[in-house]
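Q: mmCIF, C-alpha atoms, saved as coords.cif, coming up:
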```
data_my_file
loop_
_atom_site.label_atom_id
_atom_site.label_comp_id
_atom_site.auth_asym_id
_atom_site.auth_seq_id
_atom_site.Cartn_x
_atom_site.Cartn_y
_atom_site.Cartn_z
CA MET A 205 0.00 0.00 0.00
CA LYS A 206 2.66 2.47 1.02
CA ARG A 207 4.85 1.55 -1.86
CA TRP A 208 1.95 2.05 -4.19
CA LEU A 209 1.34 5.51 -2.79
CA ILE A 210 4.92 6.49 -3.36
CA ALA A 211 4.87 5.14 -6.86
CA LEU A 212 1.66 6.95 -7.52
CA SER A 213 2.80 10.25 -6.14
CA ILE A 214 6.13 10.17 -7.87
CA ALA A 215 4.44 9.24 -11.09
CA GLY A 216 2.03 12.08 -10.52
CA LEU A 217 4.75 14.56 -9.78
CA THR A 218 6.64 13.65 -12.91
CA GLY A 219 3.51 13.82 -14.98
CA ILE A 220 2.96 10.12 -15.73
CA SER A 221 -0.69 9.52 -15.11
CA GLY A 222 -0.84 5.88 -16.27
CA ALA A 223 -0.40 4.78 -12.64
CA ALA A 224 -4.04 5.68 -12.07
CA GLN A 225 -5.03 2.13 -13.11
CA ALA A 226 -3.75 0.90 -9.75
CA VAL A 227 -6.74 2.47 -7.98
CA ASN A 228 -9.16 -0.28 -8.80
CA TRP A 229 -11.88 0.71 -6.35
CA TRP A 230 -12.65 3.55 -8.67
CA ASP A 231 -13.45 1.11 -11.47
CA LEU A 232 -16.40 -0.10 -9.40
CA GLY A 233 -18.07 3.22 -10.22
CA ASN A 234 -18.68 2.32 -13.87
CA ILE A 235 -22.40 2.85 -14.33
CA LYS A 236 -22.64 0.91 -17.57
CA VAL A 237 -22.26 -2.61 -16.19
CA GLY A 238 -25.78 -3.13 -14.78
CA PRO A 239 -26.95 -4.36 -11.38
CA ASP A 240 -25.92 -8.03 -11.53
CA GLU A 241 -22.35 -7.27 -12.52
CA THR A 242 -22.20 -4.42 -10.00
CA LEU A 243 -23.16 -6.73 -7.16
CA LYS A 244 -20.63 -9.33 -8.30
CA GLN A 245 -17.83 -6.76 -8.56
CA PHE A 246 -18.57 -5.23 -5.15
CA HIS A 247 -18.74 -8.57 -3.38
CA GLU A 248 -15.52 -9.67 -5.10
CA TYR A 249 -13.78 -6.41 -4.24
CA PHE A 250 -14.66 -6.69 -0.55
CA LYS A 251 -13.74 -10.38 -0.50
CA GLN A 252 -10.29 -9.53 -1.84
CA ARG A 253 -9.82 -6.61 0.54
CA PHE A 254 -11.07 -8.43 3.63
CA PRO A 255 -10.76 -12.17 3.08
CA ASN A 256 -11.53 -12.83 6.75
CA ILE A 257 -14.87 -11.05 6.75
CA PRO A 258 -17.66 -13.29 5.44
CA LEU A 259 -20.61 -11.55 3.78
CA GLU A 260 -22.99 -11.94 6.72
CA LYS A 261 -20.55 -10.18 9.05
CA TYR A 262 -20.99 -6.91 7.15
CA ALA A 263 -24.24 -6.65 9.08
CA ILE A 264 -22.27 -5.27 12.02
CA GLY A 265 -20.63 -2.48 10.01
CA SER A 266 -17.47 -0.93 11.39
CA TYR A 267 -17.59 -3.33 14.34
CA ALA A 268 -16.39 -6.05 11.97
CA PHE A 269 -12.96 -4.40 12.16
CA ASN A 270 -12.74 -4.19 15.93
CA PRO A 271 -13.68 -7.27 17.98
CA GLU A 272 -13.35 -5.37 21.26
CA MET A 273 -15.82 -2.74 20.17
CA TYR A 274 -18.02 -5.53 18.95
CA SER A 275 -18.32 -7.17 22.34
CA GLN A 276 -19.27 -3.79 23.78
CA TYR A 277 -21.83 -3.61 21.01
CA GLN A 278 -23.28 -6.97 21.92
CA GLU A 279 -23.61 -5.92 25.52
CA ALA A 280 -25.32 -2.74 24.43
CA MET A 281 -27.66 -4.64 22.14
CA GLN A 282 -29.21 -6.38 25.11
CA PHE A 283 -30.47 -2.97 26.14
CA ASN A 284 -30.83 -1.26 22.80
CA PRO A 285 -32.42 2.12 23.55
CA GLY A 286 -33.86 1.88 20.04
CA ASP A 287 -36.32 -0.72 21.30
CA LEU A 288 -38.37 2.15 22.75
CA THR A 289 -38.86 3.48 19.25
CA LEU A 290 -39.70 -0.01 18.06
CA SER A 291 -42.51 -0.41 20.56
CA ALA A 292 -43.75 3.12 19.86
CA GLY A 293 -43.85 2.06 16.20
CA GLN A 294 -45.80 -1.08 17.00
CA LYS A 295 -48.44 0.92 18.89
CA LEU A 296 -48.84 3.35 15.99
CA TRP A 297 -48.99 0.45 13.56
CA ASP A 298 -51.89 -1.13 15.41
CA ILE A 299 -54.02 2.03 15.70
CA PRO A 300 -56.78 1.73 13.06
CA PHE A 301 -57.36 4.51 10.54
CA LYS A 302 -60.67 6.40 10.63
CA ASN A 303 -62.02 3.90 8.09
CA GLY A 304 -61.25 1.04 10.47
CA LYS A 305 -58.45 -0.48 8.42
CA THR A 306 -54.84 -0.71 9.59
CA TYR A 307 -51.39 -0.35 8.08
CA ALA A 308 -51.15 -4.12 7.96
CA SER A 309 -53.90 -4.16 5.31
CA CYS A 310 -51.60 -2.35 2.87
CA TYR A 311 -48.90 -5.05 2.83
CA PRO A 312 -48.84 -8.73 2.01
CA ASN A 313 -48.63 -10.93 5.13
CA GLY A 314 -49.43 -7.90 7.25
CA GLY A 315 -45.94 -6.56 6.51
CA LYS A 316 -43.95 -9.62 7.57
CA GLY A 317 -40.90 -10.07 5.35
CA VAL A 318 -41.75 -7.20 3.02
CA ALA A 319 -38.78 -5.03 3.98
CA THR A 320 -36.43 -7.54 2.36
CA HIS A 321 -37.76 -6.26 -0.98
CA TYR A 322 -37.62 -2.55 -0.14
CA PRO A 323 -36.80 -0.27 -1.78
CA TYR A 324 -38.36 -1.55 -4.96
CA PHE A 325 -38.94 0.07 -8.32
CA ASP A 326 -42.59 0.64 -9.17
CA ASP A 327 -42.99 0.27 -12.91
CA LYS A 328 -46.38 2.01 -12.89
CA THR A 329 -45.24 5.22 -11.24
CA LYS A 330 -41.65 4.87 -12.58
CA THR A 331 -40.19 5.64 -9.21
CA VAL A 332 -38.38 3.98 -6.31
CA VAL A 333 -40.68 3.13 -3.41
CA THR A 334 -39.10 3.01 0.04
CA ILE A 335 -40.53 1.82 3.33
CA GLY A 336 -41.09 5.49 4.16
CA THR A 337 -42.97 6.43 1.00
CA SER A 338 -44.98 3.19 1.18
CA ILE A 339 -46.24 4.13 4.65
CA ASN A 340 -47.45 7.48 3.36
CA ALA A 341 -49.00 5.81 0.31
CA CYS A 342 -50.86 3.48 2.67
CA ARG A 343 -52.10 6.46 4.66
CA SER A 344 -53.38 8.32 1.63
CA GLU A 345 -55.11 5.20 0.28
CA ASN A 346 -56.97 5.15 3.56
CA GLY A 347 -57.83 8.82 3.57
CA GLU A 348 -55.20 9.90 6.09
CA ALA A 349 -52.83 12.86 5.75
CA PRO A 350 -49.18 11.97 5.08
CA LEU A 351 -46.64 12.01 7.90
CA LYS A 352 -43.61 14.26 7.66
CA TYR A 353 -40.46 12.35 6.72
CA GLY A 354 -38.05 12.38 9.63
CA SER A 355 -40.82 12.95 12.18
CA PRO A 356 -40.74 10.66 15.24
CA ASP A 357 -43.96 8.87 14.24
CA MET A 358 -42.74 8.22 10.72
CA VAL A 359 -39.37 6.95 11.96
CA ALA A 360 -41.10 4.71 14.53
CA LEU A 361 -43.37 3.21 11.87
CA GLN A 362 -40.45 2.67 9.50
CA THR A 363 -38.59 0.96 12.34
CA TYR A 364 -41.47 -1.33 13.20
CA LEU A 365 -42.31 -2.31 9.62
CA THR A 366 -38.65 -3.01 8.82
CA SER A 367 -38.23 -5.05 12.00
CA LEU A 368 -40.94 -7.44 10.76
CA SER A 369 -38.18 -8.73 8.44
CA ASN A 370 -35.52 -9.13 11.12
CA GLY A 371 -33.32 -12.14 10.51
CA MET A 372 -34.29 -12.34 6.85
CA PRO A 373 -31.68 -11.60 4.17
CA MET A 374 -32.18 -8.54 1.99
CA ALA A 375 -33.37 -9.44 -1.50
CA ILE A 376 -33.75 -6.24 -3.50
CA GLN A 377 -34.65 -6.63 -7.15
CA VAL A 378 -33.59 -4.48 -10.06
CA SER A 379 -35.12 -5.61 -13.31
CA GLY A 380 -36.04 -3.85 -16.50
CA PRO A 381 -34.56 -0.72 -18.06
CA ALA A 382 -36.40 1.85 -15.92
CA ALA A 383 -35.41 0.18 -12.64
CA THR A 384 -31.85 -0.19 -13.90
CA LYS A 385 -31.76 3.51 -14.71
CA ALA A 386 -32.83 4.44 -11.17
CA PHE A 387 -30.22 2.05 -9.79
CA GLU A 388 -27.51 3.56 -11.95
CA GLU A 389 -28.47 7.07 -10.93
CA GLY A 390 -28.06 5.99 -7.33
CA LYS A 391 -24.71 4.51 -8.19
CA ALA A 392 -23.59 7.68 -9.95
CA TYR A 393 -24.58 9.72 -6.89
CA TYR A 394 -22.55 7.34 -4.75
CA PHE A 395 -19.41 7.88 -6.79
CA MET A 396 -19.75 11.61 -7.52
CA LYS A 397 -17.32 13.77 -5.58
CA ARG A 398 -18.95 16.66 -3.79
CA GLY A 399 -18.62 19.29 -1.11
CA GLN A 400 -15.76 21.40 0.06
CA LEU A 401 -13.79 18.26 0.94
CA ASN A 402 -14.53 16.92 -2.52
CA PHE A 403 -15.31 13.40 -1.34
CA SER A 404 -17.70 10.88 -2.80
CA CYS A 405 -19.52 8.34 -0.65
CA ALA A 406 -17.26 5.76 -2.26
CA SER A 407 -14.09 7.66 -1.27
CA CYS A 408 -14.85 6.72 2.31
CA HIS A 409 -17.10 3.65 2.28
CA VAL A 410 -15.50 1.78 -0.62
CA ALA A 411 -11.89 3.00 -0.65
CA TYR A 412 -11.28 3.27 3.12
CA PRO A 413 -13.51 0.96 5.17
CA GLY A 414 -11.70 -0.25 8.27
CA LYS A 415 -9.54 2.88 8.34
CA TYR A 416 -9.74 5.39 11.11
CA LEU A 417 -10.99 8.88 10.48
CA ARG A 418 -9.81 10.33 13.80
CA ASP A 419 -11.32 7.77 16.19
CA GLN A 420 -14.14 6.52 13.98
CA ILE A 421 -13.77 3.33 11.98
CA ILE A 422 -15.24 3.83 8.53
CA SER A 423 -17.85 1.19 7.67
CA PRO A 424 -18.04 -0.61 4.32
CA VAL A 425 -21.09 0.10 2.15
CA LEU A 426 -22.08 -3.58 2.27
CA GLY A 427 -24.53 -4.13 5.10
CA GLU A 428 -25.12 -0.49 5.97
CA SER A 429 -28.72 -0.48 4.87
CA ALA A 430 -29.56 -3.72 6.70
CA HIS A 431 -29.59 -2.17 10.18
CA PHE A 432 -31.47 1.07 9.53
CA PRO A 433 -33.47 2.61 11.16
CA SER A 434 -30.74 2.52 13.78
CA TYR A 435 -30.15 3.90 17.23
CA ARG A 436 -27.11 6.16 17.31
CA ALA A 437 -25.57 7.44 20.48
CA ALA A 438 -24.57 10.59 18.61
CA TRP A 439 -28.27 11.22 17.86
CA SER A 440 -29.55 9.75 21.15
CA SER A 441 -32.39 8.44 19.04
CA VAL A 442 -33.34 6.16 16.21
CA ASN A 443 -33.22 7.50 12.69
CA THR A 444 -33.10 6.37 9.11
CA LEU A 445 -30.48 5.57 6.51
CA GLN A 446 -31.38 8.74 4.65
CA LYS A 447 -30.89 10.82 7.79
CA ARG A 448 -27.42 9.28 8.14
CA ILE A 449 -26.66 10.10 4.51
CA GLU A 450 -27.72 13.67 5.14
CA GLY A 451 -25.12 13.75 7.95
CA CYS A 452 -22.34 12.44 5.70
CA ASN A 453 -23.31 15.00 3.04
CA LYS A 454 -23.00 17.79 5.57
CA ASN A 455 -19.71 16.43 6.89
CA VAL A 456 -18.00 16.97 3.57
CA GLY A 457 -19.57 20.39 3.14
CA ALA A 458 -22.08 19.22 0.52
CA GLU A 459 -25.70 20.23 0.18
CA PRO A 460 -27.93 17.44 1.55
CA GLN A 461 -31.05 16.45 -0.42
CA PRO A 462 -34.54 16.40 1.10
CA LEU A 463 -35.54 13.12 2.77
CA GLU A 464 -37.24 10.77 0.28
CA SER A 465 -36.18 12.95 -2.66
CA VAL A 466 -35.53 11.15 -5.94
CA ASP A 467 -31.76 11.34 -5.35
CA TYR A 468 -31.96 9.80 -1.89
CA ARG A 469 -34.41 7.11 -2.93
CA ASN A 470 -32.25 6.09 -5.88
CA LEU A 471 -29.23 6.13 -3.61
CA GLU A 472 -30.97 3.96 -1.04
CA TYR A 473 -32.04 1.60 -3.82
CA PHE A 474 -28.44 1.22 -4.99
CA MET A 475 -27.00 0.84 -1.48
CA SER A 476 -29.66 -1.65 -0.40
CA TYR A 477 -29.11 -3.82 -3.45
CA LEU A 478 -25.44 -4.11 -2.49
CA SER A 479 -26.54 -5.52 0.86
CA ASN A 480 -28.47 -8.39 -0.73
CA GLY A 481 -27.85 -11.58 1.22
CA ILE A 482 -27.22 -9.72 4.49
CA LYS A 483 -29.77 -10.19 7.26
CA ILE A 484 -31.95 -7.33 8.41
CA ASN A 485 -31.43 -6.37 12.05
CA VAL A 486 -33.49 -3.37 13.09
CA PRO A 487 -33.20 -1.18 15.04
CA GLY A 488 -29.41 -1.35 14.75
CA TYR A 489 -27.20 0.25 17.34
CA ARG A 490 -24.19 2.42 16.56
CA PRO A 491 -21.98 4.77 18.56
CA MET B 259 -16.38 11.10 24.96
CA LYS B 260 -19.39 11.05 22.74
CA ILE B 261 -18.91 13.90 20.30
CA HIS B 262 -19.42 12.90 16.73
CA LEU B 263 -15.89 13.66 15.73
CA LEU B 264 -16.21 13.46 12.00
CA GLN B 265 -18.95 16.01 12.15
CA TYR B 266 -16.78 18.19 14.29
CA ILE B 267 -13.74 17.75 12.12
CA THR B 268 -15.27 18.27 8.77
CA ARG B 269 -17.64 20.99 9.75
CA SER B 270 -14.84 22.88 11.38
CA LEU B 271 -12.80 22.50 8.22
CA VAL B 272 -15.57 24.28 6.44
CA ILE B 273 -15.91 26.97 9.08
CA GLY B 274 -12.13 27.33 9.13
CA ALA B 275 -12.20 28.35 5.54
CA MET B 276 -14.26 31.37 6.36
CA SER B 277 -12.03 32.87 9.04
CA ILE B 278 -9.20 35.25 8.40
CA VAL B 279 -5.53 34.27 8.27
CA PRO B 280 -3.57 35.63 11.19
CA PHE B 281 -0.20 34.76 9.66
CA GLY B 282 1.48 37.00 7.15
CA ALA B 283 4.83 35.23 6.78
CA SER B 284 6.09 33.91 3.45
CA ALA B 285 7.02 30.33 2.83
CA LEU B 286 10.53 31.38 1.93
CA ALA B 287 11.50 33.07 5.21
CA GLU B 288 14.85 32.27 6.80
CA GLY B 289 16.31 31.67 10.29
CA ALA B 290 14.25 32.87 13.23
CA ASP B 291 11.38 33.63 10.91
CA MET B 292 11.55 30.07 9.69
CA THR B 293 11.26 28.67 13.22
CA LYS B 294 8.18 30.83 13.66
CA ASN B 295 6.75 29.60 10.38
CA ILE B 296 7.32 25.99 11.32
CA ASP B 297 5.51 26.50 14.62
CA ALA B 298 2.67 28.32 12.91
CA GLY B 299 2.48 25.58 10.27
CA ARG B 300 2.33 22.88 12.91
CA THR B 301 -0.44 24.74 14.69
CA LEU B 302 -2.40 25.02 11.44
CA ALA B 303 -1.84 21.37 10.61
CA PHE B 304 -3.05 20.22 14.04
CA ASP B 305 -5.93 22.70 14.36
CA ARG B 306 -9.26 20.95 13.79
CA ALA B 307 -10.70 24.15 12.43
CA LYS B 308 -7.85 24.52 9.92
CA GLY B 309 -5.81 21.76 8.29
CA ASN B 310 -7.04 19.05 10.63
CA CYS B 311 -4.45 16.78 9.05
CA LEU B 312 -4.64 14.42 12.05
CA ALA B 313 -8.12 13.34 10.98
CA CYS B 314 -6.37 11.25 8.34
CA HIS B 315 -2.59 11.28 9.02
CA ALA B 316 -0.39 10.46 11.97
CA LEU B 317 2.11 13.32 12.49
CA PRO B 318 4.90 13.42 15.09
CA GLY B 319 3.44 14.47 18.46
CA GLY B 320 -0.16 14.32 17.23
CA THR B 321 -2.78 12.40 19.19
CA MET B 322 -5.93 10.57 18.10
CA ALA B 323 -4.76 10.47 14.52
CA GLY B 324 -6.65 8.66 11.78
CA ASP B 325 -5.00 6.42 9.19
CA VAL B 326 -6.95 7.17 6.05
CA GLY B 327 -3.75 8.69 4.64
CA PRO B 328 -0.15 7.52 5.21
CA ALA B 329 1.66 8.43 8.46
CA LEU B 330 3.78 11.51 7.79
CA PRO B 331 6.61 11.77 7.06
CA MET B 332 6.29 8.57 5.06
CA LYS B 333 8.71 5.79 5.97
CA GLY B 334 11.83 5.81 3.86
CA VAL B 335 11.04 8.97 1.85
CA THR B 336 11.63 12.53 2.92
CA PHE B 337 9.38 15.36 1.79
CA GLN B 338 12.42 16.67 -0.07
CA GLN B 339 12.73 13.42 -2.02
CA MET B 340 9.05 13.18 -2.70
CA PHE B 341 8.30 16.73 -3.74
CA GLN B 342 11.73 18.20 -4.66
CA THR B 343 10.60 21.75 -3.97
CA LYS B 344 8.41 23.32 -1.31
CA GLU B 345 6.38 24.94 -4.05
CA LYS B 346 5.42 21.53 -5.36
CA LEU B 347 4.39 20.46 -1.89
CA VAL B 348 2.21 23.56 -1.60
CA ALA B 349 0.75 22.81 -5.02
CA PHE B 350 -0.01 19.26 -3.88
CA LEU B 351 -1.78 20.43 -0.72
CA ALA B 352 -3.70 23.01 -2.72
CA ASP B 353 -4.98 20.51 -5.28
CA PRO B 354 -3.84 16.90 -4.80
CA GLU B 355 -5.98 15.62 -7.64
CA LYS B 356 -4.20 17.83 -10.12
CA MET B 357 -0.88 16.25 -9.13
CA PHE B 358 -2.12 12.74 -9.29
CA PRO B 359 -5.53 11.60 -10.43
CA TYR B 360 -7.78 9.74 -7.97
CA ALA B 361 -6.14 11.41 -4.99
CA ASN B 362 -8.40 11.28 -1.96
CA MET B 363 -7.08 14.25 -0.08
CA PRO B 364 -9.28 17.29 0.34
CA GLU B 365 -8.29 20.10 -2.02
CA PHE B 366 -7.27 22.57 0.63
CA GLY B 367 -6.38 25.39 -1.74
CA LYS B 368 -8.71 24.85 -4.64
CA ASN B 369 -11.73 24.56 -2.36
CA LYS B 370 -10.60 27.49 -0.21
CA VAL B 371 -10.28 25.53 3.01
CA LEU B 372 -6.84 27.10 3.59
CA THR B 373 -5.18 30.13 1.98
CA HIS B 374 -2.03 29.95 -0.08
CA GLU B 375 -0.12 31.54 2.79
CA GLU B 376 -1.42 29.00 5.28
CA LEU B 377 -0.44 26.18 2.95
CA GLY B 378 3.04 27.74 2.72
CA LEU B 379 3.37 27.62 6.50
CA ILE B 380 2.20 24.00 6.61
CA ALA B 381 4.75 23.18 3.90
CA ASP B 382 7.47 24.84 6.00
CA TYR B 383 6.43 22.64 8.90
CA LEU B 384 6.32 19.42 6.85
CA TRP B 385 9.68 20.28 5.24
CA SER B 386 11.23 20.42 8.73
CA LEU B 387 10.12 16.88 9.64
CA LYS B 388 12.85 14.26 9.52
#
```
Could you render the structure as structure tokens?

A:
Amino acid sequence: MKRWLIALSIAGLTGISGAAQAVNWWDLGNIKVGPDETLKQFHEYFKQRFPNIPLEKYAIGSYAFNPEMYSQYQEAMQFNPGDLTLSAGQKLWDIPFKNGKTYASCYPNGGKGVATHYPYFDDKTKTVVTIGTSINACRSENGEAPLKYGSPDMVALQTYLTSLSNGMPMAIQVSGPAATKAFEEGKAYYFMKRGQLNFSCASCHVAYPGKYLRDQIISPVLGESAHFPSYRAAWSSVNTLQKRIEGCNKNVGAEPQPLESVDYRNLEYFMSYLSNGIKINVPGYRP
Amino acid sequence: MKIHLLQYITRSLVIGAMSIVPFGASALAEGADMTKNIDAGRTLAFDRAKGNCLACHALPGGTMAGDVGPALPMKGVTFQQMFQTKEKLVAFLADPEKMFPYANMPEFGKNKVLTHEELGLIADYLWSLK
């Protein structure tokens, strides 16, 4: 690694730019290869980088790189403060709408297992549907006003519905040209450098997972979406993947997008697909 | 300690860019001036609201350093060997991507996180590391 850096910098300083080929993580950003190949390349890349981390272990994020932190995590998980949000979500879930129906009526199996397929691409509306937007769609079908994204009730409902798939592996589907386009837009967002620090999501979560940024271990993209909504000590509350993305956007001095905007939904679609095969575990718990 | 450090670090980098440079010295100063520059450069490099280099690099005497970038100075290569001139080092810090593609360092100069003068002081400091 070090030797490569020297070679690269010296090559750079003397104006030879051919050495760029060595940075193969960047090649993962090619948006022309389609979802199947993308998934294969990402899984292969991470397998080569971290041969000792099996796919299912990506569920624990940055803890996979620090066993000591992980045992603290396991202790904490026995008293996950996020469980309060989970039970608040369950209560809300069970309250009937004015028409007497419940959220459960909007989903197959009353919602059990559905989160493994979210987000999905809706061919009728030509848009990515997330757990969040599906909850509001369910409300409007039943004559209720939408909830504000990011509001405690919305987050609690997202947490509860997602938790009905706990222990089941993510199985996002991308099929057909329109879905593929949304996926590729999410991928492009993931690799686009932005903000005053000029970092892409991939600069941190693909190029440097396992590395320390000050005292934080950077997590790999694989598995991130499988534990959201998550409790975070830094938030002292449970919040969503998109809320976390907003934070990373701000951290590099970039303009965040509105929650459930097209950009964020496409991004979540792309990221979630990469976590296929990893078991859902919600609410997660992170420092 | 439960501060979200990245937030702190990166946000302060951004805020840092907006404040005014207290140092007027040139990167080419000599003798006593140079000692002052080196100290000022070290302060800028360590300051979370300025260079915040420790977020990603170990530097001599720095604590709680990240390892996203190589420990500096890099083993077996001096800054003199790597960059030949201080001006090239400043140019690298100002816009790493221009010097080598796919660089993952923030562009301290190009994105106005630090001024040219501040980068000169940091270069003086790095140049002094053995």

Q: Might you spell out which residues the PyMOL selection byres ((chain A and resi 248) around 12) would select in the displayed file, as a list in words?

A: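 Output from the PyMOL selection byres ((chain A and resi 248) around 12), applied to this file: Asn228, Trp229, Leu232, Glu241, Thr242, Leu243, Lys244, Gln245, Phe246, His247, Tyr249, Phe250, Lys251, Gln252, Arg253, Phe254, Pro255, Ile257, Pro258, Leu259, Leu426 and Leu478 of chain A.
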
Q: Going by the chain IDs and residue numbers used in this file, which residues fall under the PyMOL selection byres ((chain A and resi 409) around 10)? Write them as a PDB file with C-alpha atoms, in the frame of the given file.

A:
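Output saved as selection-v6.pdb:
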```
ATOM      1  CA  TYR A 394     -22.550   7.340  -4.750  1.00  0.00           C
ATOM      2  CA  SER A 404     -17.700  10.880  -2.800  1.00  0.00           C
ATOM      3  CA  CYS A 405     -19.520   8.340  -0.650  1.00  0.00           C
ATOM      4  CA  ALA A 406     -17.260   5.760  -2.260  1.00  0.00           C
ATOM      5  CA  SER A 407     -14.090   7.660  -1.270  1.00  0.00           C
ATOM      6  CA  CYS A 408     -14.850   6.720   2.310  1.00  0.00           C
ATOM      7  CA  VAL A 410     -15.500   1.780  -0.620  1.00  0.00           C
ATOM      8  CA  ALA A 411     -11.890   3.000  -0.650  1.00  0.00           C
ATOM      9  CA  TYR A 412     -11.280   3.270   3.120  1.00  0.00           C
ATOM     10  CA  PRO A 413     -13.510   0.960   5.170  1.00  0.00           C
ATOM     11  CA  GLY A 414     -11.700  -0.250   8.270  1.00  0.00           C
ATOM     12  CA  LYS A 415      -9.540   2.880   8.340  1.00  0.00           C
ATOM     13  CA  ILE A 422     -15.240   3.830   8.530  1.00  0.00           C
ATOM     14  CA  SER A 423     -17.850   1.190   7.670  1.00  0.00           C
ATOM     15  CA  PRO A 424     -18.040  -0.610   4.320  1.00  0.00           C
ATOM     16  CA  VAL A 425     -21.090   0.100   2.150  1.00  0.00           C
ATOM     17  CA  LEU A 426     -22.080  -3.580   2.270  1.00  0.00           C
ATOM     18  CA  GLU A 428     -25.120  -0.490   5.970  1.00  0.00           C
TER      19      GLU A 428
END
```

Q: As a list in words, please: the residues near A:Trp439 (cut-off 10 Å, only C-alpha atoms, same-chain neighbours under 4 positions excluded).

A: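 Counting only the stated atoms, we get Ser434, Tyr435, Asn443, Arg448, Arg490 and Pro491 of chain A; His262 of chain B.
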
Q: List, as an MDAnalysis selection string, every residue that the PyMOL selection byres ((chain B and resi 379) around 9) selects in the file provided.

A: chainID B and resid 281 283:285 295:300 302 374:378 380:384

Q: Considering all atoms listed in the file, return as an NGL selection string whatever protein or nucleic-acid residues lie within 9 Å of A:Met358, sequence-local ones (same chain, fewer than 3 positions apart) excluded.

A: :A and (293 or 336 or 339-340 or 351-355 or 361-363)

Q: Given the point (-5.2, 13.9, -3.3) in the file's coordinates, find the residues that have an atom at most 10 Å from it, counting only C-alpha atoms, and give them as a PyMOL selection string.

A: (chain A and resi 213+402) or (chain B and resi 327+350-366)

Q: Restricting the calculation to only C-alpha atoms, which member of A:Lys236, A:Lys305, A:Arg418, A:His321 is positioned closest to B:Phe304?

A: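 Nearest to B:Phe304: A:Arg418.
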
Q: In Å, with one decimal, what is the gap from atom CA of A:Gly265 to atom CA of B:Arg306?

A: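 Calculated distance between atom CA of A:Gly265 and atom CA of B:Arg306 is 26.3 Å.
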
Q: Separation of atom CA of A:Ala458 and atom CA of A:Leu471, in Å?

A: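 Taking atom CA of A:Ala458 as the start and atom CA of A:Leu471 as the end point, the length is 15.5 Å.
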